[in-house]
Amino acid sequence: MQISVLLALLVSTASSHVINPHAPQARAPAPALAPAPQYRPITASQAGPAIPASTGYYTESFGGGAYMVTDGSYQALFLVSTEGVIVVDCPPTIGMKLIYAIGNVTDQPITHLVYSHSHADHIGGAVLLVNRTQDYGKDNENGKGGRREEIVTIAHAETARLLSQVADPNRPTPQKTFRDTYTLRSGNQTLELSYKGQNHLDGNIFIFAPQQKVLMLVDVVYPGWTPFSRLGQVMNVPGFIAAHDQILDEYNFEHFVGGHLDRSGVRADVEIQREYVRDLYDNCAETIRLSATDDPVLGAANVLGPVAALNPENPWAAFDVYLKVTSEYCANLTNAKWIDRLAGSDVFQVENAETMIESLRIDYGVLGPFANT
Ligand SMILES: [Zn+2]
């Protein structure tokens, strides 16, 4: 969502709540607001296409009837076939704008909706597509425009399972599910869906349009940018790291859709992020190694001793300090190389480093000062 839209929404939401001065006020004390942080500006070469303020979205054509729609923060994909339109994801921030974008290039009805994964920020607008009445214009059998057509929803079986746990009406349970691969053919278009195991989340699938050489994998690679906080809220770091090789080794793609930000990517963007992730891994491993020495900055005895003394019988306190100190150190190491290469490196680097350090400890067994004694 664009900042201006978000601010307008916040203002309108706040003003819509009329406060009764006679009602008991049972609010928690307001937290002190920190000064607004100033991060490194996004350079002209890092900026993607401008999102027209008049529409709030931008449509990128990949040729062959394949299009990406973005609002600057989120992305969806659609393919126009001779039988109708296949849509992949409907982020709620794009919402109805996705329908307008499709309507600007075709009057074909939407026939299929693919969920990349279960997260609400990418498919929370599904209800807008699934429940709407599609106008078939002159083909409408009752001549009045508008009749309901079933849109087939497709997702991985794990996505269906995760959605069944929460019963969110905005994310209807998918009608078709698969476990390994699924080839979706509609008219003259083909989408190859593939599941390679847990990465960002269970059920997060690779979505490939072979004719247009477009590959979509959401919340893993962020072309031109540092990954979102905690490596994109990753569920499985080893699976996330492996996904970079899977993208580059298993797909002959020319366009990459990562689900976020304002532009699509190319192979070089994935190669650059793979290099970043390897650097982050190496830097975090080196940080953990140093923390097991008597290093004056990172050595566990130096860092944890004073915290433990002040917080006896509270092991959380020392662990919290350990993670904060090592994450900060690793983030600084990483930013020394990446702050000019990837946009937003100074925003989420500490969170990304903490995620990698925790994965190194508990997934990879790089335990540092907490190893076998
Ligand atoms: Zn997600």
# chains A, B, ... in the order shown; residues from 1 in each chain; ligands from 1
>>> residues_around(residues="Val214 of chain A", least_positions_apart="6", cutoff="9 Å", atoms="only C-alpha atoms", output="PyMOL selection string")
chain A and resi 62+66+207-208+252-257
>>> select_by_dssp(residues="segment 71-288 of chain A", states="strand (DSSP E or B)", output="PyMOL selection string")
chain A and resi 74-80+85-88+110-114+134+147+152-156+176-178+181-186+189-194+206-209+214-216+225+255-257+260+265
>>> residues_around(residues="Gln38 of chain A", least_positions_apart="4", cutoff="12 Å", atoms="only C-alpha atoms", output="mmCIF file with C-alpha atoms, in the first residue's frame")
data_model
loop_
_atom_site.group_PDB
_atom_site.id
_atom_site.type_symbol
_atom_site.label_atom_id
_atom_site.label_comp_id
_atom_site.auth_asym_id
_atom_site.auth_seq_id
_atom_site.Cartn_x
_atom_site.Cartn_y
_atom_site.Cartn_z
ATOM 1 C CA ALA A 34 9.859 7.227 19.015
ATOM 2 C CA ILE A 42 16.032 4.837 -2.287
ATOM 3 C CA GLY A 344 16.300 -1.129 2.386
ATOM 4 C CA ASP A 346 19.309 -0.612 6.909
ATOM 5 C CA VAL A 347 15.634 -1.336 7.641
#
>>> closest_atom_pairs(of="chain A", to="ligand 1", cutoff="9 Å", atoms="only C-alpha atoms and all ligand atoms", output="Markdown table")
| residue | atom | partner | partner_atom_place_in_ligand_line | distance |
| --- | --- | --- | --- | --- |
| A:Ser116 | CA | ligand 1 | 1 (Zn) | 8.7 |
| A:His117 | CA | ligand 1 | 1 (Zn) | 6.7 |
| A:Ser118 | CA | ligand 1 | 1 (Zn) | 7.2 |
| A:His119 | CA | ligand 1 | 1 (Zn) | 4.8 |
| A:Ala120 | CA | ligand 1 | 1 (Zn) | 7.7 |
| A:Asp121 | CA | ligand 1 | 1 (Zn) | 7.1 |
| A:His122 | CA | ligand 1 | 1 (Zn) | 6.9 |
| A:His200 | CA | ligand 1 | 1 (Zn) | 6.6 |
| A:Leu201 | CA | ligand 1 | 1 (Zn) | 6.9 |
| A:Asn204 | CA | ligand 1 | 1 (Zn) | 8.1 |
| A:Val218 | CA | ligand 1 | 1 (Zn) | 6.8 |
| A:Asp219 | CA | ligand 1 | 1 (Zn) | 5.4 |
| A:Val220 | CA | ligand 1 | 1 (Zn) | 8.7 |
| A:Gly232 | CA | ligand 1 | 1 (Zn) | 7.3 |
| A:Gln233 | CA | ligand 1 | 1 (Zn) | 7.2 |
| A:Val234 | CA | ligand 1 | 1 (Zn) | 8.1 |
| A:Gly259 | CA | ligand 1 | 1 (Zn) | 8.9 |
>>> write_last_selection(atoms="N, CA and C atoms", output="compact mmCIF listing (two decimals), in the first residue's frame")
# COMPACT_ATOMS: atom_id res chain seq x y z
N SER A 116 -0.79 -18.71 -4.15
CA SER A 116 0.64 -19.04 -4.03
C SER A 116 0.92 -19.72 -2.70
N HIS A 117 0.29 -19.25 -1.64
CA HIS A 117 0.38 -19.85 -0.31
C HIS A 117 -0.77 -19.29 0.52
N SER A 118 -0.82 -19.61 1.78
CA SER A 118 -2.04 -19.32 2.54
C SER A 118 -2.08 -17.93 3.16
N HIS A 119 -0.99 -17.19 3.14
CA HIS A 119 -0.94 -15.94 3.91
C HIS A 119 -1.96 -14.90 3.42
N ALA A 120 -2.62 -14.28 4.40
CA ALA A 120 -3.71 -13.34 4.09
C ALA A 120 -3.25 -12.12 3.33
N ASP A 121 -1.97 -11.71 3.53
CA ASP A 121 -1.55 -10.49 2.84
C ASP A 121 -1.38 -10.74 1.34
N HIS A 122 -1.41 -12.00 0.90
CA HIS A 122 -1.31 -12.29 -0.54
C HIS A 122 -2.60 -12.82 -1.15
N HIS A 200 9.45 -20.54 2.63
CA HIS A 200 8.79 -19.46 3.38
C HIS A 200 7.72 -20.01 4.31
N LEU A 201 7.00 -21.02 3.82
CA LEU A 201 5.88 -21.58 4.56
C LEU A 201 5.54 -22.94 3.96
N ASN A 204 3.98 -23.31 0.03
CA ASN A 204 4.35 -22.19 -0.85
C ASN A 204 4.87 -22.78 -2.17
N VAL A 218 6.54 -16.61 -4.15
CA VAL A 218 6.23 -15.44 -3.31
C VAL A 218 6.97 -15.50 -1.97
N ASP A 219 7.40 -14.34 -1.52
CA ASP A 219 8.00 -14.16 -0.18
C ASP A 219 9.33 -14.88 -0.02
N VAL A 220 10.06 -15.06 -1.10
CA VAL A 220 11.40 -15.67 -1.02
C VAL A 220 12.45 -14.70 -1.57
N GLY A 232 11.70 -12.40 5.33
CA GLY A 232 10.35 -12.56 4.79
C GLY A 232 9.47 -13.41 5.69
N GLN A 233 9.66 -13.30 7.02
CA GLN A 233 8.90 -14.12 7.99
C GLN A 233 9.02 -15.60 7.63
N VAL A 234 10.25 -16.00 7.43
CA VAL A 234 10.49 -17.36 6.92
C VAL A 234 10.17 -18.43 7.97
N GLY A 259 6.12 -11.30 -5.57
CA GLY A 259 4.95 -11.01 -4.73
C GLY A 259 5.01 -9.70 -3.99
>>> residues_around(residues="segment 78-85 of chain A", least_positions_apart="2", cutoff="9 Å", atoms="only C-alpha atoms", output="list of chain:residue names")
A:Gly64, A:Gly65, A:Ala66, A:Tyr67, A:Met68, A:Val69, A:Ala76, A:Val87, A:Val88, A:Asp89, A:Ile102, A:Val105, A:Thr106, A:Asp107, A:Gln108, A:Pro109, A:Ile110, A:Thr111, A:His112, A:Leu113, A:Ser186, A:Gly187, A:Asn188, A:Gln189, A:Thr190, A:Ala209
>>> select_by_dssp(residues="segment 141-342 of chain A", states="helix (DSSP H, G or I)", output="PyMOL selection string")
chain A and resi 157-166+229-233+237-250+267-291+300-310+315-338
>>> write_last_selection(atoms="C-alpha atoms", output="PDB file, in the first residue's frame")
ATOM      1  CA  ALA A 157      -2.871 -29.328   0.007  1.00  0.00           C
ATOM      2  CA  GLU A 158      -0.884 -27.742   2.858  1.00  0.00           C
ATOM      3  CA  THR A 159      -2.396 -24.360   1.995  1.00  0.00           C
ATOM      4  CA  ALA A 160      -5.871 -25.898   2.292  1.00  0.00           C
ATOM      5  CA  ARG A 161      -4.909 -27.437   5.634  1.00  0.00           C
ATOM      6  CA  LEU A 162      -3.575 -24.152   7.014  1.00  0.00           C
ATOM      7  CA  LEU A 163      -6.673 -22.282   5.834  1.00  0.00           C
ATOM      8  CA  SER A 164      -8.918 -24.864   7.502  1.00  0.00           C
ATOM      9  CA  GLN A 165      -7.290 -23.970  10.843  1.00  0.00           C
ATOM     10  CA  VAL A 166      -8.466 -20.363  10.735  1.00  0.00           C
ATOM     11  CA  SER A 229      11.865  -8.629   8.124  1.00  0.00           C
ATOM     12  CA  ARG A 230      13.040 -12.038   9.381  1.00  0.00           C
ATOM     13  CA  LEU A 231      13.940 -13.090   5.841  1.00  0.00           C
ATOM     14  CA  GLY A 232      10.346 -12.563   4.787  1.00  0.00           C
ATOM     15  CA  GLN A 233       8.897 -14.118   7.990  1.00  0.00           C
ATOM     16  CA  VAL A 237      15.621 -21.146   6.638  1.00  0.00           C
ATOM     17  CA  PRO A 238      17.338 -24.196   5.061  1.00  0.00           C
ATOM     18  CA  GLY A 239      14.360 -24.525   2.690  1.00  0.00           C
ATOM     19  CA  PHE A 240      14.495 -20.779   1.980  1.00  0.00           C
ATOM     20  CA  ILE A 241      18.218 -20.992   1.120  1.00  0.00           C
ATOM     21  CA  ALA A 242      17.643 -24.055  -1.081  1.00  0.00           C
ATOM     22  CA  ALA A 243      14.857 -22.258  -2.958  1.00  0.00           C
ATOM     23  CA  HIS A 244      17.411 -19.918  -4.543  1.00  0.00           C
ATOM     24  CA  ASP A 245      19.187 -22.887  -6.156  1.00  0.00           C
ATOM     25  CA  GLN A 246      15.857 -24.447  -7.144  1.00  0.00           C
ATOM     26  CA  ILE A 247      14.841 -21.234  -8.936  1.00  0.00           C
ATOM     27  CA  LEU A 248      18.135 -20.905 -10.794  1.00  0.00           C
ATOM     28  CA  ASP A 249      18.803 -24.576 -11.523  1.00  0.00           C
ATOM     29  CA  GLU A 250      15.331 -25.847 -12.363  1.00  0.00           C
ATOM     30  CA  ARG A 267      17.799 -14.108 -13.154  1.00  0.00           C
ATOM     31  CA  ALA A 268      20.460 -11.616 -11.993  1.00  0.00           C
ATOM     32  CA  ASP A 269      18.198 -10.470  -9.152  1.00  0.00           C
ATOM     33  CA  VAL A 270      17.909 -14.037  -7.865  1.00  0.00           C
ATOM     34  CA  GLU A 271      21.667 -14.564  -8.218  1.00  0.00           C
ATOM     35  CA  ILE A 272      22.320 -11.364  -6.249  1.00  0.00           C
ATOM     36  CA  GLN A 273      19.975 -12.379  -3.435  1.00  0.00           C
ATOM     37  CA  ARG A 274      21.603 -15.832  -3.315  1.00  0.00           C
ATOM     38  CA  GLU A 275      24.955 -14.079  -2.843  1.00  0.00           C
ATOM     39  CA  TYR A 276      23.431 -11.879  -0.111  1.00  0.00           C
ATOM     40  CA  VAL A 277      21.982 -14.872   1.732  1.00  0.00           C
ATOM     41  CA  ARG A 278      25.305 -16.722   1.558  1.00  0.00           C
ATOM     42  CA  ASP A 279      27.081 -13.649   2.945  1.00  0.00           C
ATOM     43  CA  LEU A 280      24.533 -13.308   5.742  1.00  0.00           C
ATOM     44  CA  TYR A 281      24.973 -17.003   6.569  1.00  0.00           C
ATOM     45  CA  ASP A 282      28.792 -16.700   6.618  1.00  0.00           C
ATOM     46  CA  ASN A 283      28.719 -13.489   8.669  1.00  0.00           C
ATOM     47  CA  CYS A 284      26.337 -14.973  11.230  1.00  0.00           C
ATOM     48  CA  ALA A 285      28.407 -18.172  11.473  1.00  0.00           C
ATOM     49  CA  GLU A 286      31.531 -16.081  12.087  1.00  0.00           C
ATOM     50  CA  THR A 287      29.665 -14.032  14.702  1.00  0.00           C
ATOM     51  CA  ILE A 288      28.591 -17.176  16.572  1.00  0.00           C
ATOM     52  CA  ARG A 289      32.159 -18.504  16.382  1.00  0.00           C
ATOM     53  CA  LEU A 290      33.495 -15.289  17.913  1.00  0.00           C
ATOM     54  CA  SER A 291      30.858 -15.402  20.637  1.00  0.00           C
ATOM     55  CA  ALA A 300      29.791 -14.873  25.759  1.00  0.00           C
ATOM     56  CA  ALA A 301      31.450 -14.557  29.139  1.00  0.00           C
ATOM     57  CA  ASN A 302      31.992 -10.821  28.628  1.00  0.00           C
ATOM     58  CA  VAL A 303      28.530 -10.212  27.160  1.00  0.00           C
ATOM     59  CA  LEU A 304      26.433 -12.492  29.328  1.00  0.00           C
ATOM     60  CA  GLY A 305      28.200 -12.288  32.677  1.00  0.00           C
ATOM     61  CA  PRO A 306      26.899  -8.853  33.697  1.00  0.00           C
ATOM     62  CA  VAL A 307      23.352  -9.636  32.488  1.00  0.00           C
ATOM     63  CA  ALA A 308      23.250 -12.905  34.382  1.00  0.00           C
ATOM     64  CA  ALA A 309      24.534 -11.180  37.518  1.00  0.00           C
ATOM     65  CA  LEU A 310      21.796  -8.541  37.357  1.00  0.00           C
ATOM     66  CA  PRO A 315      17.941 -17.229  31.687  1.00  0.00           C
ATOM     67  CA  TRP A 316      15.741 -15.370  29.181  1.00  0.00           C
ATOM     68  CA  ALA A 317      17.537 -12.128  30.050  1.00  0.00           C
ATOM     69  CA  ALA A 318      20.982 -13.367  29.044  1.00  0.00           C
ATOM     70  CA  PHE A 319      19.641 -15.048  25.889  1.00  0.00           C
ATOM     71  CA  ASP A 320      17.904 -11.854  24.823  1.00  0.00           C
ATOM     72  CA  VAL A 321      21.127  -9.872  25.198  1.00  0.00           C
ATOM     73  CA  TYR A 322      23.103 -12.581  23.363  1.00  0.00           C
ATOM     74  CA  LEU A 323      20.718 -12.479  20.385  1.00  0.00           C
ATOM     75  CA  LYS A 324      20.631  -8.691  20.292  1.00  0.00           C
ATOM     76  CA  VAL A 325      24.392  -8.254  20.459  1.00  0.00           C
ATOM     77  CA  THR A 326      25.180 -10.954  17.884  1.00  0.00           C
ATOM     78  CA  SER A 327      22.385  -9.812  15.532  1.00  0.00           C
ATOM     79  CA  GLU A 328      23.588  -6.227  15.637  1.00  0.00           C
ATOM     80  CA  TYR A 329      27.190  -7.287  15.004  1.00  0.00           C
ATOM     81  CA  CYS A 330      26.228  -9.535  12.089  1.00  0.00           C
ATOM     82  CA  ALA A 331      23.948  -6.863  10.615  1.00  0.00           C
ATOM     83  CA  ASN A 332      26.801  -4.352  10.656  1.00  0.00           C
ATOM     84  CA  LEU A 333      29.135  -6.858   8.983  1.00  0.00           C
ATOM     85  CA  THR A 334      26.530  -7.527   6.309  1.00  0.00           C
ATOM     86  CA  ASN A 335      25.594  -3.907   5.691  1.00  0.00           C
ATOM     87  CA  ALA A 336      29.246  -3.007   5.107  1.00  0.00           C
ATOM     88  CA  LYS A 337      28.910  -4.854   1.791  1.00  0.00           C
ATOM     89  CA  TRP A 338      25.199  -4.662   0.969  1.00  0.00           C
TER      90      TRP A 338
END
>>> residues_around(residues="Ile51 of chain A", least_positions_apart="3", cutoff="7 Å", atoms="only C-alpha atoms", output="ChimeraX atom specification")
/A:56-58,71-72
>>> closest_residue(among="A:Ser194, A:Thr93, A:Gln175, A:Asn104", to="Val130 of chain A", atoms="only C-alpha atoms")
A:Gln175
>>> atom_distance(atom1="atom CA of Leu98 of chain A", atom2="atom CA of Tyr74 of chain A")
11.2 Å
>>> closest_residue(among="A:Leu261, A:Val127, A:Leu191, A:Val366", to="Val221 of chain A", atoms="only C-alpha atoms")
A:Leu261
>>> decode(residues="segment 103-128 of chain A", atoms="N, CA and C atoms", output="tab-separated table (two decimals), in the first residue's frame")
chain	number	residue	atom	x	y	z
A	103	GLY	N	-9.71	-5.94	-16.40
A	103	GLY	CA	-10.72	-5.38	-17.30
A	103	GLY	C	-10.14	-4.43	-18.33
A	104	ASN	N	-8.97	-3.87	-18.05
A	104	ASN	CA	-8.35	-2.96	-19.01
A	104	ASN	C	-7.67	-3.69	-20.16
A	105	VAL	N	-7.45	-5.00	-20.02
A	105	VAL	CA	-6.79	-5.72	-21.12
A	105	VAL	C	-7.66	-6.80	-21.75
A	106	THR	N	-8.75	-7.17	-21.09
A	106	THR	CA	-9.61	-8.21	-21.68
A	106	THR	C	-11.01	-8.14	-21.09
A	107	ASP	N	-11.99	-8.62	-21.86
A	107	ASP	CA	-13.34	-8.76	-21.29
A	107	ASP	C	-13.65	-10.22	-21.00
A	108	GLN	N	-12.61	-11.06	-21.05
A	108	GLN	CA	-12.81	-12.46	-20.68
A	108	GLN	C	-13.12	-12.56	-19.19
A	109	PRO	N	-13.94	-13.51	-18.80
A	109	PRO	CA	-14.22	-13.71	-17.37
A	109	PRO	C	-13.04	-14.38	-16.67
A	110	ILE	N	-12.95	-14.18	-15.37
A	110	ILE	CA	-11.95	-14.90	-14.57
A	110	ILE	C	-12.45	-16.33	-14.37
A	111	THR	N	-11.60	-17.28	-14.72
A	111	THR	CA	-12.00	-18.69	-14.61
A	111	THR	C	-11.27	-19.44	-13.50
A	112	HIS	N	-10.02	-19.01	-13.19
A	112	HIS	CA	-9.21	-19.73	-12.20
A	112	HIS	C	-8.52	-18.74	-11.27
A	113	LEU	N	-8.39	-19.14	-10.02
A	113	LEU	CA	-7.59	-18.37	-9.05
A	113	LEU	C	-6.66	-19.34	-8.34
A	114	VAL	N	-5.35	-19.09	-8.50
A	114	VAL	CA	-4.33	-19.91	-7.84
A	114	VAL	C	-3.84	-19.18	-6.60
A	115	TYR	N	-3.74	-19.90	-5.48
A	115	TYR	CA	-3.16	-19.33	-4.26
A	115	TYR	C	-1.67	-19.71	-4.24
A	116	SER	N	-0.79	-18.71	-4.15
A	116	SER	CA	0.64	-19.04	-4.03
A	116	SER	C	0.92	-19.72	-2.70
A	117	HIS	N	0.29	-19.25	-1.64
A	117	HIS	CA	0.38	-19.85	-0.31
A	117	HIS	C	-0.77	-19.29	0.52
A	118	SER	N	-0.82	-19.61	1.78
A	118	SER	CA	-2.04	-19.32	2.54
A	118	SER	C	-2.08	-17.93	3.16
A	119	HIS	N	-0.99	-17.19	3.14
A	119	HIS	CA	-0.94	-15.94	3.91
A	119	HIS	C	-1.96	-14.90	3.42
A	120	ALA	N	-2.62	-14.28	4.40
A	120	ALA	CA	-3.71	-13.34	4.09
A	120	ALA	C	-3.25	-12.12	3.33
A	121	ASP	N	-1.97	-11.71	3.53
A	121	ASP	CA	-1.55	-10.49	2.84
A	121	ASP	C	-1.38	-10.74	1.34
A	122	HIS	N	-1.41	-12.00	0.90
A	122	HIS	CA	-1.31	-12.29	-0.54
A	122	HIS	C	-2.60	-12.82	-1.15
A	123	ILE	N	-3.43	-13.48	-0.35
A	123	ILE	CA	-4.69	-14.00	-0.93
A	123	ILE	C	-5.93	-13.55	-0.17
A	124	GLY	N	-5.76	-12.57	0.72
A	124	GLY	CA	-6.91	-12.09	1.49
A	124	GLY	C	-7.96	-11.38	0.66
A	125	GLY	N	-7.62	-11.08	-0.63
A	125	GLY	CA	-8.62	-10.50	-1.53
A	125	GLY	C	-9.34	-11.54	-2.36
A	126	ALA	N	-9.06	-12.83	-2.10
A	126	ALA	CA	-9.67	-13.90	-2.89
A	126	ALA	C	-11.19	-13.81	-2.90
A	127	VAL	N	-11.75	-13.43	-1.76
A	127	VAL	CA	-13.21	-13.36	-1.65
A	127	VAL	C	-13.80	-12.39	-2.68
A	128	LEU	N	-13.04	-11.34	-3.02
A	128	LEU	CA	-13.53	-10.36	-3.99
A	128	LEU	C	-13.72	-10.99	-5.37
